[in-house]
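Have a look at structure_4.pdb below; it lists PDB, C-alpha atoms.
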```pdb
ATOM      1  CA  MET A   1      80.798  57.611 155.568
ATOM      2  CA  ARG A   2      78.382  60.494 155.038
ATOM      3  CA  ARG A   3      77.059  58.895 151.861
ATOM      4  CA  ALA A   4      76.523  55.584 153.627
ATOM      5  CA  LEU A   5      74.685  57.327 156.477
ATOM      6  CA  ALA A   6      72.452  59.252 154.026
ATOM      7  CA  LEU A   7      71.658  56.064 152.126
ATOM      8  CA  ALA A   8      70.759  54.255 155.343
ATOM      9  CA  LEU A   9      68.438  57.075 156.411
ATOM     10  CA  SER A  10      66.721  57.164 153.021
ATOM     11  CA  LEU A  11      66.177  53.407 153.069
ATOM     12  CA  THR A  12      64.689  53.712 156.542
ATOM     13  CA  ALA A  13      62.321  56.498 155.455
ATOM     14  CA  MET A  14      61.104  54.794 152.269
ATOM     15  CA  PRO A  15      58.714  52.300 153.939
ATOM     16  CA  ALA A  16      57.172  55.087 156.011
ATOM     17  CA  LEU A  17      56.773  57.295 152.922
ATOM     18  CA  ALA A  18      55.248  54.443 150.923
ATOM     19  CA  ALA A  19      52.859  53.648 153.773
ATOM     20  CA  ASP A  20      51.837  57.296 153.990
ATOM     21  CA  ARG A  21      51.140  57.473 150.233
ATOM     22  CA  LEU A  22      49.186  54.204 150.375
ATOM     23  CA  SER A  23      47.149  55.556 153.270
ATOM     24  CA  ASN A  24      46.369  58.746 151.347
ATOM     25  CA  PHE A  25      45.379  56.725 148.262
ATOM     26  CA  GLU A  26      43.136  54.444 150.313
ATOM     27  CA  SER A  27      41.481  57.448 151.969
ATOM     28  CA  ARG A  28      40.761  58.977 148.553
ATOM     29  CA  VAL A  29      39.345  55.708 147.213
ATOM     30  CA  ALA A  30      37.294  55.229 150.360
ATOM     31  CA  ALA A  31      35.586  58.662 150.167
ATOM     32  CA  ASP A  32      32.115  58.236 151.669
ATOM     33  CA  TRP A  33      29.350  58.690 149.092
ATOM     34  CA  SER A  34      26.667  56.837 151.032
ATOM     35  CA  GLY A  35      23.605  58.570 152.455
ATOM     36  CA  ALA A  36      20.684  60.754 151.446
ATOM     37  CA  TYR A  37      21.023  64.042 149.571
ATOM     38  CA  ALA A  38      18.962  66.818 148.018
ATOM     39  CA  GLY A  39      19.806  69.517 145.516
ATOM     40  CA  ALA A  40      18.843  71.770 142.642
ATOM     41  CA  PHE A  41      19.801  71.882 138.971
ATOM     42  CA  GLY A  42      19.687  74.090 135.916
ATOM     43  CA  GLY A  43      20.444  73.438 132.285
ATOM     44  CA  MET A  44      18.965  73.068 128.826
ATOM     45  CA  GLY A  45      16.376  71.069 126.938
ATOM     46  CA  ILE A  46      17.225  70.195 123.320
ATOM     47  CA  SER A  47      14.518  68.793 121.053
ATOM     48  CA  THR A  48      14.005  68.397 117.311
ATOM     49  CA  GLY A  49      10.210  68.455 117.495
ATOM     50  CA  ARG A  50      10.305  65.706 114.873
ATOM     51  CA  ALA A  51       7.018  64.815 113.160
ATOM     52  CA  ALA A  52       6.299  62.389 110.332
ATOM     53  CA  LEU A  53       3.374  62.256 107.944
ATOM     54  CA  GLY A  54       0.841  59.610 108.927
ATOM     55  CA  ASP A  55      -2.450  58.520 107.434
ATOM     56  CA  TYR A  56      -4.424  60.785 105.109
ATOM     57  CA  SER A  57      -7.628  60.354 103.136
ATOM     58  CA  GLY A  58     -10.210  62.179 101.072
ATOM     59  CA  VAL A  59     -10.363  63.564  97.564
ATOM     60  CA  LEU A  60      -8.104  66.613  97.776
ATOM     61  CA  LEU A  61      -5.495  65.557 100.341
ATOM     62  CA  PRO A  62      -3.988  62.527  98.547
ATOM     63  CA  ALA A  63      -3.385  64.751  95.503
ATOM     64  CA  ASP A  64      -1.990  67.539  97.715
ATOM     65  CA  VAL A  65       0.451  65.148  99.388
ATOM     66  CA  SER A  66       1.595  63.784  96.021
ATOM     67  CA  TYR A  67       2.082  67.358  94.790
ATOM     68  CA  GLY A  68       4.359  68.120  97.756
ATOM     69  CA  LEU A  69       2.091  70.566  99.575
ATOM     70  CA  PHE A  70       2.588  68.671 102.857
ATOM     71  CA  PRO A  71       6.050  67.526 104.069
ATOM     72  CA  THR A  72       6.677  63.860 104.775
ATOM     73  CA  GLN A  73       8.876  64.734 107.765
ATOM     74  CA  ILE A  74      10.006  67.795 109.695
ATOM     75  CA  ASP A  75      12.685  68.247 112.343
ATOM     76  CA  GLY A  76      15.283  70.732 113.533
ATOM     77  CA  ARG A  77      17.107  71.508 116.762
ATOM     78  CA  HIS A  78      15.436  73.843 119.260
ATOM     79  CA  ASN A  79      16.756  74.766 122.726
ATOM     80  CA  GLY A  80      15.117  75.916 125.934
ATOM     81  CA  GLY A  81      15.902  76.300 129.614
ATOM     82  CA  ALA A  82      15.475  73.707 132.353
ATOM     83  CA  PHE A  83      15.521  73.956 136.150
ATOM     84  CA  GLY A  84      14.282  71.968 139.118
ATOM     85  CA  VAL A  85      15.026  70.085 142.325
ATOM     86  CA  SER A  86      16.249  66.561 142.966
ATOM     87  CA  GLY A  87      16.927  64.152 145.786
ATOM     88  CA  GLY A  88      18.047  60.611 146.383
ATOM     89  CA  VAL A  89      20.057  58.151 148.392
ATOM     90  CA  ASN A  90      23.387  56.433 147.691
ATOM     91  CA  PHE A  91      24.666  53.046 148.840
ATOM     92  CA  GLN A  92      28.382  52.293 148.699
ATOM     93  CA  SER A  93      30.396  49.093 148.583
ATOM     94  CA  GLY A  94      34.083  49.857 148.220
ATOM     95  CA  ALA A  95      34.424  52.128 145.216
ATOM     96  CA  PHE A  96      31.064  51.073 143.732
ATOM     97  CA  VAL A  97      28.144  53.419 144.371
ATOM     98  CA  THR A  98      24.502  52.636 143.628
ATOM     99  CA  GLY A  99      21.353  54.507 144.488
ATOM    100  CA  ILE A 100      17.962  55.911 143.601
ATOM    101  CA  GLU A 101      17.301  59.479 142.474
ATOM    102  CA  ALA A 102      14.111  61.449 141.785
ATOM    103  CA  ASP A 103      13.743  64.905 140.316
ATOM    104  CA  LEU A 104      11.020  67.352 139.382
ATOM    105  CA  GLY A 105      11.636  70.248 137.035
ATOM    106  CA  TYR A 106      10.301  72.529 134.350
ATOM    107  CA  LEU A 107      11.420  72.510 130.735
ATOM    108  CA  SER A 108      10.706  75.555 128.549
ATOM    109  CA  THR A 109      11.676  73.910 125.250
ATOM    110  CA  ARG A 110       9.308  74.682 122.384
ATOM    111  CA  ALA A 111      10.134  73.231 118.970
ATOM    112  CA  HIS A 112       8.210  74.881 116.139
ATOM    113  CA  HIS A 113       8.479  74.482 112.369
ATOM    114  CA  ALA A 114       6.821  76.182 109.421
ATOM    115  CA  PHE A 115       6.394  74.717 105.949
ATOM    116  CA  SER A 116       5.003  76.504 102.891
ATOM    117  CA  ARG A 117       4.355  75.469  99.293
ATOM    118  CA  LEU A 118       2.474  77.137  96.442
ATOM    119  CA  ASP A 119      -0.553  75.283  95.130
ATOM    120  CA  ASP A 120      -0.965  76.274  91.486
ATOM    121  CA  THR A 121      -3.189  73.364  90.511
ATOM    122  CA  HIS A 122      -6.293  75.631  90.771
ATOM    123  CA  VAL A 123      -8.357  72.779  92.216
ATOM    124  CA  VAL A 124      -9.488  74.640  95.355
ATOM    125  CA  ALA A 125      -9.631  78.100  93.728
ATOM    126  CA  PRO A 126      -8.977  79.556  90.263
ATOM    127  CA  TRP A 127      -5.802  81.235  91.481
ATOM    128  CA  ASP A 128      -2.541  80.190  93.156
ATOM    129  CA  ILE A 129      -2.814  79.408  96.869
ATOM    130  CA  ASN A 130      -0.045  79.218  99.470
ATOM    131  CA  THR A 131      -0.383  76.092 101.605
ATOM    132  CA  ASN A 132       1.156  76.954 104.978
ATOM    133  CA  THR A 133       1.522  74.343 107.717
ATOM    134  CA  ARG A 134       2.949  74.667 111.233
ATOM    135  CA  TYR A 135       4.141  71.998 113.657
ATOM    136  CA  GLU A 136       4.841  72.484 117.353
ATOM    137  CA  THR A 137       6.074  70.377 120.255
ATOM    138  CA  GLU A 138       6.183  71.973 123.698
ATOM    139  CA  PHE A 139       7.412  70.515 126.981
ATOM    140  CA  GLY A 140       6.449  71.592 130.485
ATOM    141  CA  ALA A 141       6.857  69.980 133.900
ATOM    142  CA  ILE A 142       8.957  66.794 133.863
ATOM    143  CA  GLY A 143       9.724  64.336 136.643
ATOM    144  CA  THR A 144      11.894  61.218 136.695
ATOM    145  CA  LEU A 145      12.557  58.317 139.057
ATOM    146  CA  ARG A 146      15.817  56.592 138.218
ATOM    147  CA  ALA A 147      18.318  54.009 139.434
ATOM    148  CA  ARG A 148      21.904  55.231 139.504
ATOM    149  CA  GLY A 149      25.180  53.332 139.578
ATOM    150  CA  GLY A 150      28.824  54.201 139.159
ATOM    151  CA  TYR A 151      32.430  54.050 140.303
ATOM    152  CA  ALA A 152      34.042  56.464 142.729
ATOM    153  CA  PHE A 153      37.617  57.634 142.142
ATOM    154  CA  GLY A 154      37.895  59.166 145.566
ATOM    155  CA  ASP A 155      36.010  62.463 145.459
ATOM    156  CA  THR A 156      34.949  61.918 141.826
ATOM    157  CA  LEU A 157      31.988  59.730 140.914
ATOM    158  CA  VAL A 158      31.329  58.609 137.338
ATOM    159  CA  PHE A 159      27.854  57.144 136.895
ATOM    160  CA  ALA A 160      25.076  55.995 134.575
ATOM    161  CA  THR A 161      21.363  56.255 135.270
ATOM    162  CA  ALA A 162      18.066  54.908 133.892
ATOM    163  CA  GLY A 163      14.426  54.889 134.918
ATOM    164  CA  LEU A 164      10.918  56.216 134.402
ATOM    165  CA  ALA A 165       9.862  59.685 133.250
ATOM    166  CA  VAL A 166       6.544  61.539 133.367
ATOM    167  CA  GLY A 167       5.924  64.943 131.839
ATOM    168  CA  LYS A 168       3.554  67.360 130.188
ATOM    169  CA  VAL A 169       3.846  67.508 126.390
ATOM    170  CA  SER A 170       1.777  69.396 123.814
ATOM    171  CA  ASN A 171       1.737  68.682 120.060
ATOM    172  CA  ARG A 172       0.035  70.935 117.503
ATOM    173  CA  PHE A 173      -0.536  70.895 113.761
ATOM    174  CA  ALA A 174      -2.081  73.796 111.842
ATOM    175  CA  LEU A 175      -2.998  74.606 108.227
ATOM    176  CA  ALA A 176      -3.558  78.048 106.681
ATOM    177  CA  LEU A 177      -4.639  79.007 103.153
ATOM    178  CA  PRO A 178      -4.346  82.818 103.295
ATOM    179  CA  GLU A 179      -5.571  83.555  99.759
ATOM    180  CA  ILE A 180      -8.989  82.123 100.583
ATOM    181  CA  GLY A 181      -8.963  83.204 104.250
ATOM    182  CA  TYR A 182      -8.786  79.710 105.736
ATOM    183  CA  ALA A 183      -7.268  78.880 109.137
ATOM    184  CA  SER A 184      -7.653  75.405 110.587
ATOM    185  CA  PRO A 185      -9.216  74.591 113.967
ATOM    186  CA  ASP A 186      -6.968  73.787 116.928
ATOM    187  CA  TRP A 187      -5.547  70.422 115.910
ATOM    188  CA  SER A 188      -3.611  69.468 119.026
ATOM    189  CA  ALA A 189      -2.987  66.814 121.654
ATOM    190  CA  SER A 190      -1.649  67.669 125.079
ATOM    191  CA  GLY A 191      -1.430  66.027 128.455
ATOM    192  CA  ILE A 192       0.738  64.006 130.807
ATOM    193  CA  ARG A 193       2.859  61.388 129.045
ATOM    194  CA  ALA A 194       4.893  58.518 130.464
ATOM    195  CA  GLY A 195       8.232  57.359 129.115
ATOM    196  CA  TYR A 196      11.792  56.585 130.099
ATOM    197  CA  ALA A 197      14.991  58.444 130.933
ATOM    198  CA  VAL A 198      18.619  57.333 130.523
ATOM    199  CA  GLY A 199      21.832  59.253 131.033
ATOM    200  CA  VAL A 200      25.428  59.536 132.171
ATOM    201  CA  GLY A 201      27.215  61.993 134.383
ATOM    202  CA  ILE A 202      30.047  62.902 136.716
ATOM    203  CA  GLU A 203      29.858  64.229 140.262
ATOM    204  CA  GLN A 204      32.646  65.951 142.206
ATOM    205  CA  ARG A 205      32.679  66.323 145.997
ATOM    206  CA  LEU A 206      33.562  69.851 147.063
ATOM    207  CA  SER A 207      33.430  68.925 150.745
ATOM    208  CA  SER A 208      32.185  66.048 152.863
ATOM    209  CA  SER A 209      28.578  67.194 152.362
ATOM    210  CA  VAL A 210      28.498  69.281 149.139
ATOM    211  CA  SER A 211      29.014  68.022 145.574
ATOM    212  CA  LEU A 212      28.760  69.445 142.062
ATOM    213  CA  LYS A 213      27.154  67.277 139.377
ATOM    214  CA  PHE A 214      27.008  67.423 135.583
ATOM    215  CA  GLU A 215      24.802  64.965 133.722
ATOM    216  CA  THR A 216      22.986  64.565 130.433
ATOM    217  CA  LEU A 217      19.627  62.808 130.331
ATOM    218  CA  TYR A 218      17.780  61.561 127.274
ATOM    219  CA  VAL A 219      14.034  61.519 127.941
ATOM    220  CA  ASN A 220      11.604  59.834 125.553
ATOM    221  CA  PHE A 221       7.842  60.085 125.930
ATOM    222  CA  ALA A 222       5.222  58.222 123.935
ATOM    223  CA  ASP A 223       4.743  59.322 120.335
ATOM    224  CA  ARG A 224       1.452  61.058 119.603
ATOM    225  CA  THR A 225      -0.516  61.404 116.371
ATOM    226  CA  VAL A 226      -2.439  64.627 115.736
ATOM    227  CA  MET A 227      -5.208  64.400 113.137
ATOM    228  CA  GLY A 228      -6.217  67.357 110.987
ATOM    229  CA  ILE A 229      -9.962  67.202 110.328
ATOM    230  CA  ASP A 230     -12.350  70.033 109.426
ATOM    231  CA  SER A 231     -15.718  68.514 108.587
ATOM    232  CA  VAL A 232     -17.238  71.938 107.837
ATOM    233  CA  ALA A 233     -14.724  73.422 105.391
ATOM    234  CA  PHE A 234     -13.318  70.165 103.978
ATOM    235  CA  PRO A 235     -15.738  67.315 104.676
ATOM    236  CA  GLY A 236     -14.288  63.847 104.214
ATOM    237  CA  GLU A 237     -10.677  65.093 104.256
ATOM    238  CA  SER A 238      -8.203  64.096 106.990
ATOM    239  CA  ILE A 239      -4.444  64.107 107.489
ATOM    240  CA  GLY A 240      -2.322  63.136 110.455
ATOM    241  CA  TYR A 241       1.219  63.710 111.758
ATOM    242  CA  ARG A 242       2.985  61.498 114.270
ATOM    243  CA  PHE A 243       5.091  63.539 116.718
ATOM    244  CA  ARG A 244       8.182  62.060 118.353
ATOM    245  CA  ASN A 245       8.400  63.497 121.860
ATOM    246  CA  ASP A 246      12.002  63.201 123.011
ATOM    247  CA  VAL A 247      14.467  65.653 124.516
ATOM    248  CA  PHE A 248      18.125  65.817 125.626
ATOM    249  CA  MET A 249      18.732  67.545 128.961
ATOM    250  CA  PRO A 250      22.331  68.532 129.802
ATOM    251  CA  ARG A 251      22.276  70.063 133.275
ATOM    252  CA  LEU A 252      24.464  71.176 136.156
ATOM    253  CA  GLY A 253      23.400  70.525 139.742
ATOM    254  CA  LEU A 254      24.490  71.133 143.321
ATOM    255  CA  ASN A 255      23.773  68.441 145.946
ATOM    256  CA  VAL A 256      23.893  68.618 149.725
ATOM    257  CA  LYS A 257      24.315  65.377 151.681
ATOM    258  CA  PHE A 258      22.452  64.901 154.946
TER     259      PHE A 258
END
```
Take the structure from the file and write it as structure tokens.
Amino acid sequence: MRRALALALSLTAMPALAADRLSNFESRVAADWSGAYAGAFGGMGISTGRAALGDYSGVLLPADVSYGLFPTQIDGRHNGGAFGVSGGVNFQSGAFVTGIEADLGYLSTRAHHAFSRLDDTHVVAPWDINTNTRYETEFGAIGTLRARGGYAFGDTLVFATAGLAVGKVSNRFALALPEIGYASPDWSASGIRAGYAVGVGIEQRLSSSVSLKFETLYVNFADRTVMGIDSVAFPGESIGYRFRNDVFMPRLGLNVKF
């Protein structure tokens, strides 16, 4: 009798328990991500500072390139800090969340490379000469305007993003021949460049108005060629390097919803 009574009570309670669990699940799925928000972020900028040998001409430089005094390509990972502010607005339809986000930050990544080879051909001077070259890519202020879309698992939003990017980039190329006291002029190109940004991320709501976000953006600005010309010391000689201006930006942010 007791077992029958316990079984009857459990069968009676099961629909209520199932309804309660379904209600909790629906409330988690239906977490409200819509609305405007603003926040701040900090992270890293990772760039290779990649540059590739471009056009060259003259009497000395073609022979120097063939002799290996100038590299055909340089790259290597360099890291720097990144910080800034962001803001945007989300629109929600069920568990799907779309929106627009803009950010403005500063990136202190500076990729620099040095290359050195000994010139023992004795064409420029009757003794051996070290041919030292330096390559530098430096980023500054960067802003993006991106579309964002993802899927909300309750208080967790997984998203992808893509859009436009604008930033300050400087590229430099330098040549030094210390044995004859030569240092090249300032061969550089700097200014505001336009490009694109793509990325993925995850955002976790800590409360109804505060969320923590981790994302990684890949930002690519227009390539730039820097020409090395010194018409006084080496008339008729020229050499160029094409710099690839791209950077990965993993960053952690805190957003506050209005």
**Item:** Explicit residues for the PyMOL selection byres ((chain A and resi 69) around 12) (as an MDAnalysis selection string)
**Value:** chainID A and resid 53 60:68 70:72 115:121 129:133 175:177
How would the residues just chosen look if you wrote them out with C-alpha atoms as a PDB file, in the frame of the given file?
```
ATOM      1  CA  LEU A  53       3.374  62.256 107.944  1.00  0.00           C
ATOM      2  CA  LEU A  60      -8.104  66.613  97.776  1.00  0.00           C
ATOM      3  CA  LEU A  61      -5.495  65.557 100.341  1.00  0.00           C
ATOM      4  CA  PRO A  62      -3.988  62.527  98.547  1.00  0.00           C
ATOM      5  CA  ALA A  63      -3.385  64.751  95.503  1.00  0.00           C
ATOM      6  CA  ASP A  64      -1.990  67.539  97.715  1.00  0.00           C
ATOM      7  CA  VAL A  65       0.451  65.148  99.388  1.00  0.00           C
ATOM      8  CA  SER A  66       1.595  63.784  96.021  1.00  0.00           C
ATOM      9  CA  TYR A  67       2.082  67.358  94.790  1.00  0.00           C
ATOM     10  CA  GLY A  68       4.359  68.120  97.756  1.00  0.00           C
ATOM     11  CA  PHE A  70       2.588  68.671 102.857  1.00  0.00           C
ATOM     12  CA  PRO A  71       6.050  67.526 104.069  1.00  0.00           C
ATOM     13  CA  THR A  72       6.677  63.860 104.775  1.00  0.00           C
ATOM     14  CA  PHE A 115       6.394  74.717 105.949  1.00  0.00           C
ATOM     15  CA  SER A 116       5.003  76.504 102.891  1.00  0.00           C
ATOM     16  CA  ARG A 117       4.355  75.469  99.293  1.00  0.00           C
ATOM     17  CA  LEU A 118       2.474  77.137  96.442  1.00  0.00           C
ATOM     18  CA  ASP A 119      -0.553  75.283  95.130  1.00  0.00           C
ATOM     19  CA  ASP A 120      -0.965  76.274  91.486  1.00  0.00           C
ATOM     20  CA  THR A 121      -3.189  73.364  90.511  1.00  0.00           C
ATOM     21  CA  ILE A 129      -2.814  79.408  96.869  1.00  0.00           C
ATOM     22  CA  ASN A 130      -0.045  79.218  99.470  1.00  0.00           C
ATOM     23  CA  THR A 131      -0.383  76.092 101.605  1.00  0.00           C
ATOM     24  CA  ASN A 132       1.156  76.954 104.978  1.00  0.00           C
ATOM     25  CA  THR A 133       1.522  74.343 107.717  1.00  0.00           C
ATOM     26  CA  LEU A 175      -2.998  74.606 108.227  1.00  0.00           C
ATOM     27  CA  ALA A 176      -3.558  78.048 106.681  1.00  0.00           C
ATOM     28  CA  LEU A 177      -4.639  79.007 103.153  1.00  0.00           C
TER      29      LEU A 177
END
```
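Nearest to Gly236 of chain A of all the residues A:Tyr106, A:Phe214, A:Phe139, A:Tyr56 is A:Tyr56, counting only C-alpha atoms.
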**Message:** Which residues are close to Arg193 of chain A, i.e. within 10 Å by all atoms listed in the file, leaving aside same-chain residues fewer than 5 positions away? Reply as a ChimeraX atom specification.
**Reply:** /A:142,165-170,220-224,245
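Residues matching the PyMOL selection byres ((chain A and resi 243) around 8) in this structure come to Gly49, Arg50, Ala51, Ala52, Thr137, Asn171, Asp223, Arg224, Thr225, Val226, Tyr241, Arg242, Arg244 and Asn245 of chain A.
Distances from A:Ala111, A:Leu145, A:Val210, A:Ala31 to Asn255 of chain A were compared using only C-alpha atoms, and the smallest one belongs to A:Val210.
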**Prompt:** So, counting all atoms listed in the file, which residue among A:Glu101, A:Ala95, A:His113, A:Ile229 is closest to Asp75 of chain A?
**Reply:** A:His113
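Remark: for Asp155 of chain A, the closest of the candidate residues A:Arg205, A:Pro178, A:Ser86, A:Pro185 is A:Arg205 (distances computed over all atoms listed in the file).
As for atom CA of Leu107 of chain A and atom CA of Trp187 of chain A, they are spaced 22.6 Å apart.
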**Request:** Take the PyMOL selection byres ((chain A and resi 215-219) around 8), apply it to the structure above, and return the hits as number ranges by chain.
**Result:** A: 165, 195-202, 213-214, 220-221, 246-252
Write out, as a compact mmCIF listing (two decimals), keeping the file's coordinate frame, the residues just selected, with C-alpha atoms.
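Final output, again.txt:
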```
# COMPACT_ATOMS: atom_id res chain seq x y z
CA ALA A 165 9.86 59.68 133.25
CA GLY A 195 8.23 57.36 129.12
CA TYR A 196 11.79 56.58 130.10
CA ALA A 197 14.99 58.44 130.93
CA VAL A 198 18.62 57.33 130.52
CA GLY A 199 21.83 59.25 131.03
CA VAL A 200 25.43 59.54 132.17
CA GLY A 201 27.22 61.99 134.38
CA ILE A 202 30.05 62.90 136.72
CA LYS A 213 27.15 67.28 139.38
CA PHE A 214 27.01 67.42 135.58
CA ASN A 220 11.60 59.83 125.55
CA PHE A 221 7.84 60.08 125.93
CA ASP A 246 12.00 63.20 123.01
CA VAL A 247 14.47 65.65 124.52
CA PHE A 248 18.12 65.82 125.63
CA MET A 249 18.73 67.54 128.96
CA PRO A 250 22.33 68.53 129.80
CA ARG A 251 22.28 70.06 133.28
CA LEU A 252 24.46 71.18 136.16
```
**Message:** Would you compute the distance between atom CA of Trp127 of chain A and atom CA of Ser231 of chain A? Give it in Å to one decimal.
**Reply:** 23.5 Å
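Distances to Gly99 of chain A were evaluated for A:Pro235, A:Gly228, A:Pro126, A:Gly149 using all atoms listed in the file, and the minimum falls at A:Gly149.
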Per-axis box centre and lengths in Å around segment 70-74 of chain A, 5 Å margin per side, axis-aligned, as JSON:
```
{"center_x": 6.3, "center_y": 66.3, "center_z": 106.3, "size_x": 17.4, "size_y": 14.8, "size_z": 16.8}
```
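From atom CA of Leu212 of chain A back to atom CA of Phe41 of chain A, the distance works out to 9.8 Å.
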**Message:** Considering all atoms listed in the file, can you say which of A:Ala189, A:Ala102, A:Leu164, A:Ile74 comes closest to Glu138 of chain A?
**Reply:** A:Ala189
Compute the distance from (26.4, 57.0, 151.0) to each atom, counting only C-alpha atoms, keep the residues with any atom at most 6 Å away, and return them as a PDB file with C-alpha atoms, in the frame of the given file; use the coordinates of the file.
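Output file out28.pdb is given in full below:
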```pdb
ATOM      1  CA  ASP A  32      32.115  58.236 151.669  1.00  0.00           C
ATOM      2  CA  TRP A  33      29.350  58.690 149.092  1.00  0.00           C
ATOM      3  CA  SER A  34      26.667  56.837 151.032  1.00  0.00           C
ATOM      4  CA  GLY A  35      23.605  58.570 152.455  1.00  0.00           C
ATOM      5  CA  ASN A  90      23.387  56.433 147.691  1.00  0.00           C
ATOM      6  CA  PHE A  91      24.666  53.046 148.840  1.00  0.00           C
ATOM      7  CA  GLN A  92      28.382  52.293 148.699  1.00  0.00           C
TER       8      GLN A  92
END
```
**Long-range neighbours of Asp55 of chain A as a PyMOL selection string, 9 Å cut-off, only C-alpha atoms, 5 positions minimum in chain** = chain A and resi 227+238-241
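Neighbours of Phe258 of chain A closer than or equal to 9 Å, with only C-alpha atoms counted and sequence neighbours fewer than 5 positions away skipped, come out as Gly35, Ala36, Tyr37, Ala38 and Ser209 of chain A.
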Fix up segment 112-118 of chain A with all heavy atoms, then write it as an mmCIF file, in the coordinates of the input.
```cif
data_model
loop_
_atom_site.group_PDB
_atom_site.id
_atom_site.type_symbol
_atom_site.label_atom_id
_atom_site.label_comp_id
_atom_site.auth_asym_id
_atom_site.auth_seq_id
_atom_site.Cartn_x
_atom_site.Cartn_y
_atom_site.Cartn_z
ATOM 1 N N HIS A 112 9.248 74.491 117.092
ATOM 2 C CA HIS A 112 8.210 74.881 116.139
ATOM 3 C C HIS A 112 8.811 74.960 114.741
ATOM 4 O O HIS A 112 9.938 75.406 114.545
ATOM 5 C CB HIS A 112 7.582 76.222 116.532
ATOM 6 C CG HIS A 112 8.580 77.311 116.774
ATOM 7 N ND1 HIS A 112 9.064 78.124 115.793
ATOM 8 C CD2 HIS A 112 9.205 77.696 117.913
ATOM 9 C CE1 HIS A 112 9.940 78.980 116.300
ATOM 10 N NE2 HIS A 112 10.048 78.738 117.577
ATOM 11 N N HIS A 113 8.034 74.525 113.756
ATOM 12 C CA HIS A 113 8.479 74.482 112.369
ATOM 13 C C HIS A 113 7.372 75.018 111.473
ATOM 14 O O HIS A 113 6.189 74.807 111.738
ATOM 15 C CB HIS A 113 8.818 73.052 111.945
ATOM 16 C CG HIS A 113 9.821 72.382 112.818
ATOM 17 N ND1 HIS A 113 11.179 72.503 112.633
ATOM 18 C CD2 HIS A 113 9.665 71.591 113.902
ATOM 19 C CE1 HIS A 113 11.806 71.814 113.557
ATOM 20 N NE2 HIS A 113 10.910 71.243 114.335
ATOM 21 N N ALA A 114 7.768 75.678 110.414
ATOM 22 C CA ALA A 114 6.821 76.182 109.421
ATOM 23 C C ALA A 114 7.200 75.629 108.057
ATOM 24 O O ALA A 114 8.380 75.535 107.715
ATOM 25 C CB ALA A 114 6.832 77.711 109.405
ATOM 26 N N PHE A 115 6.189 75.268 107.286
ATOM 27 C CA PHE A 115 6.394 74.717 105.949
ATOM 28 C C PHE A 115 5.406 75.385 105.003
ATOM 29 O O PHE A 115 4.221 75.534 105.329
ATOM 30 C CB PHE A 115 6.174 73.204 105.972
ATOM 31 C CG PHE A 115 6.449 72.517 104.659
ATOM 32 C CD1 PHE A 115 7.729 72.115 104.332
ATOM 33 C CD2 PHE A 115 5.424 72.269 103.755
ATOM 34 C CE1 PHE A 115 7.987 71.463 103.128
ATOM 35 C CE2 PHE A 115 5.673 71.635 102.554
ATOM 36 C CZ PHE A 115 6.965 71.232 102.240
ATOM 37 N N SER A 116 5.877 75.802 103.831
ATOM 38 C CA SER A 116 5.003 76.504 102.891
ATOM 39 C C SER A 116 5.309 76.069 101.464
ATOM 40 O O SER A 116 6.477 75.974 101.074
ATOM 41 C CB SER A 116 5.179 78.025 103.021
ATOM 42 O OG SER A 116 4.315 78.714 102.145
ATOM 43 N N ARG A 117 4.242 75.800 100.703
ATOM 44 C CA ARG A 117 4.355 75.469 99.293
ATOM 45 C C ARG A 117 3.211 76.143 98.529
ATOM 46 O O ARG A 117 2.121 76.332 99.060
ATOM 47 C CB ARG A 117 4.292 73.951 99.077
ATOM 48 C CG ARG A 117 5.525 73.209 99.499
ATOM 49 C CD ARG A 117 6.731 73.542 98.617
ATOM 50 N NE ARG A 117 7.901 72.760 98.959
ATOM 51 C CZ ARG A 117 8.794 73.101 99.865
ATOM 52 N NH1 ARG A 117 8.656 74.235 100.546
ATOM 53 N NH2 ARG A 117 9.831 72.321 100.106
ATOM 54 N N LEU A 118 3.470 76.479 97.276
ATOM 55 C CA LEU A 118 2.474 77.137 96.442
ATOM 56 C C LEU A 118 1.665 76.089 95.679
ATOM 57 O O LEU A 118 2.215 75.259 94.962
ATOM 58 C CB LEU A 118 3.149 78.093 95.459
ATOM 59 C CG LEU A 118 2.215 78.908 94.563
ATOM 60 C CD1 LEU A 118 1.390 79.885 95.414
ATOM 61 C CD2 LEU A 118 3.014 79.661 93.502
#
```
